[in-house]
$ cat protein-v1.txt   # compact mmCIF, C-alpha atoms and all ligand atoms
# COMPACT_ATOMS: atom_id res chain seq x y z
CA MET L 185 -0.24 24.06 19.71
CA ILE L 186 -2.33 23.03 22.71
CA VAL L 187 -1.11 19.74 24.10
CA VAL L 188 -3.75 17.38 25.43
CA LYS L 189 -3.96 13.89 26.90
CA ARG L 190 -6.92 11.54 26.83
CA LYS L 191 -8.53 10.74 30.17
CA PRO L 192 -8.50 7.11 31.31
CA ILE L 193 -11.27 5.21 29.53
CA LYS L 194 -12.86 4.29 32.87
CA GLU L 195 -13.29 7.97 33.72
CA ILE L 196 -14.95 8.55 30.33
CA LEU L 197 -17.24 5.58 30.96
CA GLU L 198 -18.30 7.15 34.28
CA PHE L 199 -19.44 10.29 32.41
CA VAL L 200 -21.71 8.36 30.06
CA LYS L 201 -22.84 5.30 31.98
CA ASN L 202 -26.39 6.54 32.59
CA SER L 203 -26.98 7.73 29.04
CA LYS L 204 -28.49 5.97 26.05
CA ASN L 205 -27.46 8.22 23.21
CA ILE L 206 -23.82 9.19 23.42
CA LEU L 207 -21.80 11.39 21.06
CA ILE L 208 -18.01 11.42 21.06
CA ALA L 209 -16.81 14.63 19.38
CA GLY L 210 -13.25 14.66 18.05
CA CYS L 211 -11.21 17.75 17.23
CA GLY L 212 -9.17 17.72 14.03
CA THR L 213 -6.52 20.24 15.05
CA CYS L 214 -4.29 20.17 18.17
CA ALA L 215 -6.00 17.14 19.74
CA ALA L 216 -5.55 15.17 16.52
CA VAL L 217 -1.85 16.07 16.25
CA CYS L 218 -1.44 14.90 19.85
CA LEU L 219 -2.93 11.53 18.77
CA GLU L 220 -5.33 11.87 21.71
CA GLY L 221 -8.56 13.45 20.53
CA GLY L 222 -8.85 13.48 16.75
CA GLU L 223 -11.16 11.60 14.42
CA LYS L 224 -9.40 8.26 14.96
CA GLU L 225 -9.36 8.60 18.73
CA ALA L 226 -13.05 9.55 18.77
CA ALA L 227 -13.79 6.36 16.81
CA GLU L 228 -11.59 4.42 19.20
CA ILE L 229 -13.46 5.64 22.30
CA LYS L 230 -16.75 4.92 20.55
CA GLY L 231 -15.58 1.37 19.78
CA LEU L 232 -14.36 0.73 23.33
CA LEU L 233 -17.59 1.99 24.90
CA ASN L 234 -19.75 0.01 22.50
CA LEU L 235 -17.81 -3.20 23.16
CA HIS L 236 -18.28 -2.56 26.87
CA PHE L 237 -22.04 -1.97 26.54
CA LYS L 238 -22.41 -5.06 24.38
CA ASN L 239 -20.51 -7.11 26.92
CA GLU L 240 -22.92 -5.87 29.61
CA ASP L 241 -25.93 -6.64 27.39
CA LYS L 242 -26.95 -3.00 27.46
CA ASN L 243 -28.84 -1.47 24.60
CA ILE L 244 -26.70 1.65 24.47
CA SER L 245 -24.69 2.90 21.59
CA ALA L 246 -22.13 5.60 21.23
CA LEU L 247 -21.64 7.50 18.00
CA CYS L 248 -18.76 9.68 16.97
CA ASP L 249 -18.16 12.68 14.76
CA SER L 250 -15.40 15.21 14.49
CA ALA L 251 -14.81 18.75 13.37
CA VAL L 252 -11.86 20.67 11.96
CA ARG L 253 -11.77 22.53 15.30
CA LEU L 254 -14.07 22.28 18.29
CA CYS L 255 -13.21 25.82 19.43
CA ASP L 256 -14.95 27.42 16.44
CA PRO L 257 -18.77 27.73 16.42
CA GLU L 258 -19.23 27.16 12.69
CA PHE L 259 -17.61 23.71 12.83
CA VAL L 260 -19.45 22.66 15.98
CA LYS L 261 -22.76 23.79 14.46
CA ASP L 262 -22.05 21.39 11.58
CA ILE L 263 -21.84 18.51 14.04
CA LYS L 264 -25.14 19.59 15.60
CA LEU L 265 -26.83 19.85 12.20
CA LYS L 266 -25.85 16.26 11.43
CA CYS L 267 -27.53 14.93 14.62
CA ASN L 268 -30.93 13.41 13.82
CA VAL L 269 -31.72 13.55 17.51
CA LEU L 270 -29.82 15.44 20.16
CA PRO L 271 -27.50 13.18 22.16
CA ASP L 272 -28.06 12.71 25.93
CA VAL L 273 -24.41 13.41 26.57
CA ILE L 274 -21.35 14.54 24.63
CA ILE L 275 -17.72 13.71 25.29
CA SER L 276 -15.66 16.47 23.76
CA LEU L 277 -12.09 15.64 22.77
CA GLY L 278 -11.09 19.26 22.14
CA CYS L 279 -9.09 21.23 24.68
CA GLY L 280 -10.94 22.99 27.51
CA ALA L 281 -11.91 25.75 25.09
CA GLY L 282 -13.42 23.17 22.74
CA VAL L 283 -15.45 21.59 25.54
CA GLN L 284 -16.93 24.99 26.37
CA MET L 285 -17.70 25.83 22.74
CA VAL L 286 -19.50 22.50 22.32
CA SER L 287 -21.47 23.30 25.51
CA ASP L 288 -22.44 26.71 24.10
CA ILE L 289 -23.68 25.25 20.81
CA PHE L 290 -25.48 22.22 22.24
CA GLU L 291 -26.99 24.27 25.10
CA SER L 292 -29.16 21.69 26.89
CA VAL L 293 -26.85 18.71 26.43
CA PRO L 294 -24.28 17.96 29.15
CA VAL L 295 -20.76 18.06 27.71
CA PHE L 296 -17.86 16.35 29.49
CA PRO L 297 -14.13 16.57 28.80
CA GLY L 298 -12.65 13.39 27.34
CA ILE L 299 -9.15 14.80 27.51
CA ASN L 300 -7.03 16.80 29.91
CA THR L 301 -5.63 20.06 28.54
CA THR L 302 -2.02 20.29 29.60
CA PHE L 303 0.13 23.03 28.04
CA LEU L 304 1.09 25.15 25.03
CA GLY L 305 3.98 23.41 23.41
CA THR L 306 5.75 21.98 20.42
CA ASN L 307 5.51 18.58 18.76
CA ASP L 308 9.18 17.62 18.96
CA GLU L 309 8.77 14.23 17.30
CA LEU L 310 5.88 11.83 16.77
CA GLY L 311 4.20 11.52 20.18
CA VAL L 312 6.68 13.79 22.01
CA PHE L 313 5.63 17.27 23.21
CA SER L 314 7.23 19.91 25.39
CA GLU L 315 5.97 23.08 27.02
CA LYS L 316 7.12 26.30 25.36
CA CYS L 317 4.69 29.09 26.33
CA GLN L 318 2.34 30.07 29.15
CA GLY L 319 0.40 32.68 27.21
CA CYS L 320 1.65 35.54 29.40
CA GLY L 321 0.17 38.16 27.06
CA GLU L 322 3.35 40.16 26.58
CA CYS L 323 6.02 38.17 24.82
CA ILE L 324 9.66 38.80 25.75
CA LEU L 325 11.29 36.22 23.49
CA ASP L 326 13.12 39.07 21.72
CA LYS L 327 15.11 39.60 24.91
CA THR L 328 15.87 35.99 25.73
CA GLY L 329 17.31 34.48 22.59
CA GLY L 330 13.95 33.05 21.56
CA ILE L 331 13.74 30.82 24.65
CA CYS L 332 10.88 31.46 27.03
CA PRO L 333 11.90 31.91 30.67
CA VAL L 334 8.28 32.19 31.80
CA SER L 335 7.42 28.62 30.79
CA ARG L 336 10.82 26.94 30.64
CA CYS L 337 12.49 28.23 33.81
CA SER L 338 10.96 26.37 36.74
CA LYS L 339 10.85 29.64 38.69
CA SER L 340 9.88 31.80 35.70
CA LEU L 341 12.88 34.01 36.42
CA LEU L 342 13.18 36.95 34.04
CA ASN L 343 16.79 37.66 35.00
CA GLY L 344 18.35 34.27 35.58
CA PRO L 345 19.88 31.95 36.20
CA CYS L 346 19.21 31.28 39.86
CA GLY L 347 22.06 29.90 41.94
CA GLY L 348 20.98 26.32 41.45
CA SER L 349 21.76 25.77 37.79
CA SER L 350 24.32 23.00 37.49
CA ASP L 351 25.85 21.37 34.38
CA GLY L 352 23.13 22.92 32.29
CA LYS L 353 20.37 21.32 34.34
CA CYS L 354 17.70 22.87 36.56
CA GLU L 355 17.97 22.47 40.33
CA VAL L 356 14.28 21.62 40.53
CA ASP L 357 14.77 18.46 38.46
CA ASP L 358 17.97 17.38 36.76
CA THR L 359 16.08 15.99 33.78
CA ILE L 360 15.02 19.56 32.91
CA ASP L 361 17.40 21.79 30.95
CA CYS L 362 18.06 25.07 32.76
CA ALA L 363 16.23 27.63 30.66
CA TRP L 364 18.81 30.28 31.46
CA GLN L 365 21.64 28.00 30.33
CA LEU L 366 19.71 27.53 27.07
CA ILE L 367 19.23 31.30 26.79
CA PHE L 368 22.95 31.89 27.38
CA ASP L 369 23.97 29.24 24.83
CA ARG L 370 21.56 30.55 22.22
CA LEU L 371 22.63 34.18 22.67
CA LYS L 372 26.25 33.06 22.39
CA THR L 373 25.53 31.18 19.15
CA MET L 374 23.93 34.33 17.74
CA ASN L 375 26.81 36.49 18.95
CA MET L 376 24.39 38.47 21.10
CA LEU L 377 25.75 37.73 24.57
CA ASP L 378 25.52 41.43 25.46
CA LYS L 379 21.77 40.80 25.88
CA MET L 380 22.62 38.88 29.06
CA GLN L 381 23.65 42.22 30.58
CA GLU L 382 20.27 43.82 29.96
CA ILE L 383 17.99 43.77 32.96
CA ILE L 384 14.47 42.73 32.03
CA PRO L 385 12.15 45.03 34.00
CA VAL L 386 9.41 43.78 36.27
CA LYS L 387 6.78 42.19 34.10
CA ASP L 388 3.24 43.47 33.94
CA TRP L 389 1.38 40.29 34.86
CA ARG L 390 -2.03 41.87 34.26
CA THR L 391 -1.79 40.54 30.71
CA SER L 392 -1.27 37.07 32.15
CA ARG L 393 -3.64 35.14 34.40
CA ASP L 394 -3.85 37.70 37.16
CA GLY L 395 -6.34 40.16 35.71
CA GLY L 396 -9.46 38.04 35.35
CA VAL L 397 -10.73 36.40 32.21
CA ARG L 398 -8.92 37.51 29.06
CA ALA L 399 -10.40 38.28 25.66
CA MET L 400 -8.87 39.49 22.43
CA VAL L 401 -10.57 41.39 19.61
CA LYS L 402 -9.04 41.90 16.20
CA GLU L 403 -10.85 45.08 15.26
CA GLU L 404 -10.40 44.85 11.50
CA ALA L 405 -12.11 41.45 11.44
CA VAL L 406 -15.16 42.52 13.45
CA ILE L 407 -18.16 44.06 11.67
CA ASP L 408 -20.74 45.95 13.71
CA LYS L 409 -23.91 44.60 12.15
CA ASN L 410 -26.09 47.30 13.76
CA GLU L 411 -24.14 50.12 12.20
CA GLU L 412 -25.70 51.88 9.17
CA MET W 25 -30.14 -17.66 15.09
CA THR W 26 -27.15 -15.48 14.27
CA ALA W 27 -24.13 -17.24 12.78
CA LYS W 28 -21.05 -17.61 15.00
CA ARG W 29 -18.65 -14.81 14.27
CA LYS W 30 -15.37 -15.58 12.60
CA ASN W 31 -11.79 -14.63 13.39
CA LEU W 32 -9.93 -12.18 11.22
CA PHE W 33 -6.26 -12.63 10.37
CA LEU W 34 -4.43 -9.46 9.38
CA LEU W 35 -1.25 -10.73 7.78
CA CYS W 36 1.68 -8.57 6.79
CA GLU W 37 2.51 -9.20 3.13
CA ASN W 38 6.18 -9.66 3.99
CA SER W 39 5.80 -12.29 6.71
CA GLY W 40 2.37 -13.47 7.92
CA TYR W 41 0.85 -13.73 4.47
CA LEU W 42 3.86 -15.64 3.09
CA LEU W 43 3.44 -18.08 6.00
CA PHE W 44 -0.26 -18.46 5.25
CA GLU W 45 0.53 -19.33 1.62
CA LYS W 46 3.14 -21.87 2.71
CA ALA W 47 0.93 -23.43 5.38
CA GLY W 48 -1.61 -24.66 2.83
CA ILE W 49 -4.47 -24.39 5.32
CA THR W 50 -7.99 -23.46 4.20
CA PRO W 51 -9.61 -21.89 7.26
CA ASN W 52 -13.32 -22.37 7.92
CA ASN W 53 -13.69 -20.06 10.87
CA SER W 54 -11.33 -17.29 9.87
CA ASP W 55 -11.10 -14.65 7.19
CA ILE W 56 -7.67 -13.78 5.87
CA ARG W 57 -6.59 -10.29 4.89
CA GLU W 58 -3.20 -9.37 3.48
CA ILE W 59 -1.97 -5.97 4.66
CA PRO W 60 1.05 -3.94 3.50
CA CYS W 61 2.48 -3.50 7.01
CA ALA W 62 1.27 -4.13 10.56
CA GLY W 63 2.22 -0.53 11.38
CA ARG W 64 -0.72 0.56 9.26
CA VAL W 65 -3.24 -1.09 11.60
CA GLU W 66 -5.26 1.46 13.59
CA LYS W 67 -6.93 0.80 16.92
CA ASN W 68 -10.23 2.38 15.89
CA GLU W 69 -10.41 0.12 12.83
CA LEU W 70 -9.74 -2.97 14.95
CA LEU W 71 -12.47 -1.94 17.40
CA ASP W 72 -14.90 -1.31 14.58
CA LEU W 73 -14.26 -4.79 13.18
CA LEU W 74 -14.66 -6.33 16.64
CA GLU W 75 -17.84 -4.37 17.29
CA ASN W 76 -19.49 -5.30 14.03
CA GLU W 77 -17.96 -8.32 12.35
CA TYR W 78 -15.40 -10.49 14.07
CA ARG W 79 -15.01 -12.25 17.39
CA LYS W 80 -11.23 -12.07 17.39
CA ILE W 81 -8.45 -10.41 15.39
CA ILE W 82 -5.01 -11.95 14.97
CA ILE W 83 -2.23 -9.82 13.55
CA VAL W 84 0.97 -11.36 12.26
CA SER W 85 3.77 -8.91 11.58
CA CYS W 86 7.44 -9.33 10.64
CA PHE W 87 9.94 -10.62 13.17
CA GLU W 88 11.45 -8.08 15.58
CA GLY W 89 14.03 -5.96 13.80
CA ALA W 90 13.00 -7.23 10.37
CA CYS W 91 10.11 -4.93 9.45
CA HIS W 92 10.32 -3.83 5.82
CA TYR W 93 9.13 -0.40 6.93
CA VAL W 94 11.64 -0.39 9.83
CA TYR W 95 9.32 0.19 12.82
CA GLY W 96 5.90 -0.98 11.59
CA ASN W 97 5.86 -4.12 13.76
CA LYS W 98 7.05 -2.17 16.82
CA ARG W 99 4.42 0.51 16.28
CA CYS W 100 1.73 -2.12 15.95
CA ALA W 101 2.89 -3.95 19.09
CA LYS W 102 2.71 -0.71 21.07
CA LYS W 103 -0.75 0.15 19.78
CA ILE W 104 -2.03 -3.32 20.69
CA GLU W 105 -0.48 -3.04 24.16
CA ALA W 106 -2.27 0.30 24.71
CA LEU W 107 -5.52 -1.13 23.39
CA LYS W 108 -5.31 -4.12 25.72
CA LYS W 109 -4.79 -1.73 28.64
CA ASP W 110 -8.06 0.01 27.77
CA LEU W 111 -9.84 -3.33 27.33
CA THR W 112 -8.60 -4.40 30.76
CA GLU W 113 -9.81 -1.15 32.31
CA LEU W 114 -13.27 -1.86 30.94
CA SER W 115 -13.09 -5.50 32.15
CA LEU W 116 -13.20 -6.76 28.55
CA ASP W 117 -11.43 -9.88 27.29
CA THR W 118 -7.96 -8.89 26.07
CA GLU W 119 -7.69 -12.14 24.08
CA ILE W 120 -9.96 -10.72 21.40
CA ILE W 121 -6.76 -9.32 19.87
CA GLU W 122 -3.57 -11.26 19.31
CA PHE W 123 -0.33 -9.89 18.00
CA HIS W 124 2.56 -12.05 16.74
CA SER W 125 5.93 -11.19 15.23
CA LEU W 126 7.04 -14.02 12.96
CA SER W 127 9.61 -14.37 10.22
CA ALA W 128 8.64 -16.05 6.98
CA ASN W 129 10.40 -19.29 8.01
CA MET W 130 8.49 -19.80 11.29
CA LEU W 131 5.92 -22.05 9.68
CA GLU W 132 5.29 -24.29 12.70
CA ASP W 133 4.55 -21.27 14.94
CA PHE W 134 2.13 -19.93 12.34
CA ARG W 135 0.40 -23.32 11.97
CA GLU W 136 -0.06 -23.47 15.72
CA ILE W 137 -1.64 -19.97 15.77
CA ILE W 138 -4.06 -20.67 12.94
CA ASN W 139 -4.98 -24.15 14.18
CA LYS W 140 -5.72 -22.75 17.63
CA ALA W 141 -7.94 -20.05 16.13
CA GLU W 142 -9.73 -22.59 13.96
CA SER W 143 -10.40 -25.08 16.78
S1 LIG I 501 7.25 35.28 27.04
FE1 LIG I 501 5.05 34.95 27.39
S2 LIG I 501 4.10 34.90 25.34
FE2 LIG I 501 6.33 34.75 25.05
S3 LIG I 501 6.66 32.51 24.90
FE3 LIG I 501 6.93 33.08 27.08
S4 LIG I 501 4.92 32.83 28.05
FE4 LIG I 501 4.62 32.80 25.84
S1 LIG I 502 18.19 26.18 37.51
FE1 LIG I 502 17.73 27.41 35.66
S2 LIG I 502 15.66 26.68 35.00
FE2 LIG I 502 15.96 25.97 37.09
S3 LIG I 502 15.03 27.51 38.36
FE3 LIG I 502 17.23 28.06 38.22
S4 LIG I 502 17.38 29.44 36.47
FE4 LIG I 502 15.35 28.48 36.33

$ encode --input "protein-v1.txt" --output "structure tokens" --more "lines below"
Ligand code: SF4
Ligand code: SF4
Amino acid sequence: MIVVKRKPIKEILEFVKNSKNILIAGCGTCAAVCLEGGEKEAAEIKGLLNLHFKNEDKNISALCDSAVRLCDPEFVKDIKLKCNVLPDVIISLGCGAGVQMVSDIFESVPVFPGINTTFLGTNDELGVFSEKCQGCGECILDKTGGICPVSRCSKSLLNGPCGGSSDGKCEVDDTIDCAWQLIFDRLKTMNMLDKMQEIIPVKDWRTSRDGGVRAMVKEEAVIDKNEE
Amino acid sequence: MTAKRKNLFLLCENSGYLLFEKAGITPNNSDIREIPCAGRVEKNELLDLLENEYRKIIIVSCFEGACHYVYGNKRCAKKIEALKKDLTELSLDTEIIEFHSLSANMLEDFREIINKAES
């Protein structure tokens, strides 16, 4: 999942302070699981802003709505259809992709991010998240006991550990588990320690963030509507 | 002229509401609501009530360590703390929400809370 964190409420207020008709758009998927940008949190931001405007005797009101996902046009179009009048400004609580999809659909309306998009990770327990993937575009988890060295080794070493691993902790910060210790332990548990001897070749980073903007097309799902 | 807004008491059925029944007070300026657990209280619902109906919300949960749903009172306390932080950031009065952890035998403390709200 994509892990997100709500921006400070004062920063959100700055985005909307000169607007009269404000929409807070929540996202019902990752942002909701993070307890930062779902339906409840959208209503919470709406409530906080409205209390603030009331306190300042300003005739401004914020509204809120939310979609299953803000990164999917059909759900965002639903939000737009429900607007009697277009808002002056939208705070999107989806990840960065959601903010941009809302911008695409609402065209003329300024859309601001109400949350910070942080990393791809797991929900380890209620309210606790950890980074597990950097979307490198060519997964090597088969070679590393299912533990990702790209995201979990502080130096993204493909053939670790470095010389700094000590008592299972990373030399960069001793609160971080050394990814290569984890890889070793996991391979040992699976009786696959021979994998540690395999050299992982130089990675082709063009599938990562070095080759410009990335796109992905699943051919079987795409219909060419101009074709006879 | 619009009527003065009331307070709202959200009282956990295992502590606050038992105290309310024992106290024998009939509030004039407060509405009383019995809730199954303070942990169920959501910040957006509190804000909605404050925006549209009430001037102040007072939550009474079970005493620390005695929640019938184990962590409900702790969860509620943490949510209220976070909410007050946001209220402070927006220069709003943090006293519009009160949170108390009381056991069902702390009648005097409860009386004090309700009398203060009623005054
Ligand atoms: S190897 Fe690449 S795709 Fe696989 S988990 Fe790590 S960053 Fe993600
Ligand atoms: S100590 Fe381990 S996790 Fe840290 S940089 Fe070295 S190999 Fe990577």

$ interface_residues --input "protein-v1.txt" --of "chain W" --to "chain L" --cutoff "12 Å" --atoms "all atoms listed in the file" --output "ChimeraX atom specification"
/W:65-79,99,103,106-118,120

$ write_last_selection --input "protein-v1.txt" --atoms "C-alpha atoms" --output "CSV table (one decimal), in the frame of the given file"
chain,number,residue,atom,x,y,z
W,65,VAL,CA,-3.2,-1.1,11.6
W,66,GLU,CA,-5.3,1.5,13.6
W,67,LYS,CA,-6.9,0.8,16.9
W,68,ASN,CA,-10.2,2.4,15.9
W,69,GLU,CA,-10.4,0.1,12.8
W,70,LEU,CA,-9.7,-3.0,15.0
W,71,LEU,CA,-12.5,-1.9,17.4
W,72,ASP,CA,-14.9,-1.3,14.6
W,73,LEU,CA,-14.3,-4.8,13.2
W,74,LEU,CA,-14.7,-6.3,16.6
W,75,GLU,CA,-17.8,-4.4,17.3
W,76,ASN,CA,-19.5,-5.3,14.0
W,77,GLU,CA,-18.0,-8.3,12.4
W,78,TYR,CA,-15.4,-10.5,14.1
W,79,ARG,CA,-15.0,-12.2,17.4
W,99,ARG,CA,4.4,0.5,16.3
W,103,LYS,CA,-0.8,0.2,19.8
W,106,ALA,CA,-2.3,0.3,24.7
W,107,LEU,CA,-5.5,-1.1,23.4
W,108,LYS,CA,-5.3,-4.1,25.7
W,109,LYS,CA,-4.8,-1.7,28.6
W,110,ASP,CA,-8.1,0.0,27.8
W,111,LEU,CA,-9.8,-3.3,27.3
W,112,THR,CA,-8.6,-4.4,30.8
W,113,GLU,CA,-9.8,-1.2,32.3
W,114,LEU,CA,-13.3,-1.9,30.9
W,115,SER,CA,-13.1,-5.5,32.2
W,116,LEU,CA,-13.2,-6.8,28.6
W,117,ASP,CA,-11.4,-9.9,27.3
W,118,THR,CA,-8.0,-8.9,26.1
W,120,ILE,CA,-10.0,-10.7,21.4

$ atom_distance --input "protein-v1.txt" --atom1 "CA of Gly344 (chain L)" --atom2 "atom FE1 of ligand LIG 502 (chain I)"
6.9 Å

$ residues_around --input "protein-v1.txt" --residues "Lys266 (chain L)" --least-positions-apart "4" --cutoff "12 Å" --atoms "all atoms listed in the file" --output "ChimeraX atom specification"
/L:207,247-251,259-262,270-271

$ write_last_selection --input "protein-v1.txt" --atoms "C-alpha atoms" --output "compact mmCIF listing (two decimals), in the frame of the given file"
# COMPACT_ATOMS: atom_id res chain seq x y z
CA LEU L 207 -21.80 11.39 21.06
CA LEU L 247 -21.64 7.50 18.00
CA CYS L 248 -18.76 9.68 16.97
CA ASP L 249 -18.16 12.68 14.76
CA SER L 250 -15.40 15.21 14.49
CA ALA L 251 -14.81 18.75 13.37
CA PHE L 259 -17.61 23.71 12.83
CA VAL L 260 -19.45 22.66 15.98
CA LYS L 261 -22.76 23.79 14.46
CA ASP L 262 -22.05 21.39 11.58
CA LEU L 270 -29.82 15.44 20.16
CA PRO L 271 -27.50 13.18 22.16

$ atom_distance --input "protein-v1.txt" --atom1 "CA of Val334 (chain L)" --atom2 "CA of Cys218 (chain L)"
23.2 Å

$ residues_near_ligand --input "protein-v1.txt" --ligand "ligand LIG 501 (chain I)" --cutoff "12 Å" --atoms "all atoms listed in the file" --output "ChimeraX atom specification"
/L:185,303-306,315-337,340-342,363,384,387-389,391-393

$ residues_near_ligand --input "protein-v1.txt" --ligand "ligand LIG 502 (chain I)" --cutoff "9 Å" --atoms "all atoms listed in the file" --output "ChimeraX atom specification"
/L:333,336-350,352-358,360-366

$ atom_distance --input "protein-v1.txt" --atom1 "CA of Glu198 (chain L)" --atom2 "CA of Val312 (chain L)"
28.6 Å

$ closest_residue --input "protein-v1.txt" --among "W:Ala101, W:Phe134, W:Cys86, W:Glu122" --to "Ser39 (chain W)" --atoms "all atoms listed in the file"
W:Cys86

$ decode --input "protein-v1.txt" --residues "region 327-366 of chain L" --atoms "C-alpha atoms" --output "PDB file, in the first residue's frame"
ATOM      1  CA  LYS L 327      16.995 -13.851  -4.869  1.00  0.00           C
ATOM      2  CA  THR L 328      16.909 -12.261  -1.441  1.00  0.00           C
ATOM      3  CA  GLY L 329      14.687 -14.451   0.686  1.00  0.00           C
ATOM      4  CA  GLY L 330      11.679 -12.222   0.090  1.00  0.00           C
ATOM      5  CA  ILE L 331      13.314  -9.223   1.780  1.00  0.00           C
ATOM      6  CA  CYS L 332      13.926  -6.171  -0.367  1.00  0.00           C
ATOM      7  CA  PRO L 333      17.485  -4.834  -0.270  1.00  0.00           C
ATOM      8  CA  VAL L 334      16.588  -1.882  -2.496  1.00  0.00           C
ATOM      9  CA  SER L 335      14.212  -0.350   0.059  1.00  0.00           C
ATOM     10  CA  ARG L 336      15.340  -1.941   3.314  1.00  0.00           C
ATOM     11  CA  CYS L 337      19.128  -1.694   3.071  1.00  0.00           C
ATOM     12  CA  SER L 338      20.081   1.922   3.735  1.00  0.00           C
ATOM     13  CA  LYS L 339      22.591   1.737   0.881  1.00  0.00           C
ATOM     14  CA  SER L 340      20.391  -0.396  -1.394  1.00  0.00           C
ATOM     15  CA  LEU L 341      23.221  -2.917  -1.639  1.00  0.00           C
ATOM     16  CA  LEU L 342      22.406  -5.861  -3.892  1.00  0.00           C
ATOM     17  CA  ASN L 343      25.269  -7.971  -2.557  1.00  0.00           C
ATOM     18  CA  GLY L 344      25.483  -7.150   1.122  1.00  0.00           C
ATOM     19  CA  PRO L 345      26.041  -6.766   3.890  1.00  0.00           C
ATOM     20  CA  CYS L 346      28.394  -3.804   4.005  1.00  0.00           C
ATOM     21  CA  GLY L 347      31.092  -3.806   6.656  1.00  0.00           C
ATOM     22  CA  GLY L 348      29.018  -1.808   9.097  1.00  0.00           C
ATOM     23  CA  SER L 349      26.345  -4.307  10.064  1.00  0.00           C
ATOM     24  CA  SER L 350      26.569  -4.955  13.787  1.00  0.00           C
ATOM     25  CA  ASP L 351      24.389  -7.134  16.055  1.00  0.00           C
ATOM     26  CA  GLY L 352      21.798  -7.288  13.321  1.00  0.00           C
ATOM     27  CA  LYS L 353      21.483  -3.513  13.126  1.00  0.00           C
ATOM     28  CA  CYS L 354      22.347  -1.095  10.330  1.00  0.00           C
ATOM     29  CA  GLU L 355      25.360   1.195  10.723  1.00  0.00           C
ATOM     30  CA  VAL L 356      23.331   4.128   9.435  1.00  0.00           C
ATOM     31  CA  ASP L 357      20.943   3.949  12.409  1.00  0.00           C
ATOM     32  CA  ASP L 358      20.922   1.280  15.086  1.00  0.00           C
ATOM     33  CA  THR L 359      17.139   1.328  15.296  1.00  0.00           C
ATOM     34  CA  ILE L 360      17.012  -0.078  11.742  1.00  0.00           C
ATOM     35  CA  ASP L 361      17.397  -3.817  11.201  1.00  0.00           C
ATOM     36  CA  CYS L 362      20.207  -4.607   8.763  1.00  0.00           C
ATOM     37  CA  ALA L 363      18.383  -5.806   5.667  1.00  0.00           C
ATOM     38  CA  TRP L 364      21.193  -8.196   4.815  1.00  0.00           C
ATOM     39  CA  GLN L 365      21.057  -9.748   8.292  1.00  0.00           C
ATOM     40  CA  LEU L 366      17.318 -10.243   7.716  1.00  0.00           C
TER      41      LEU L 366
END
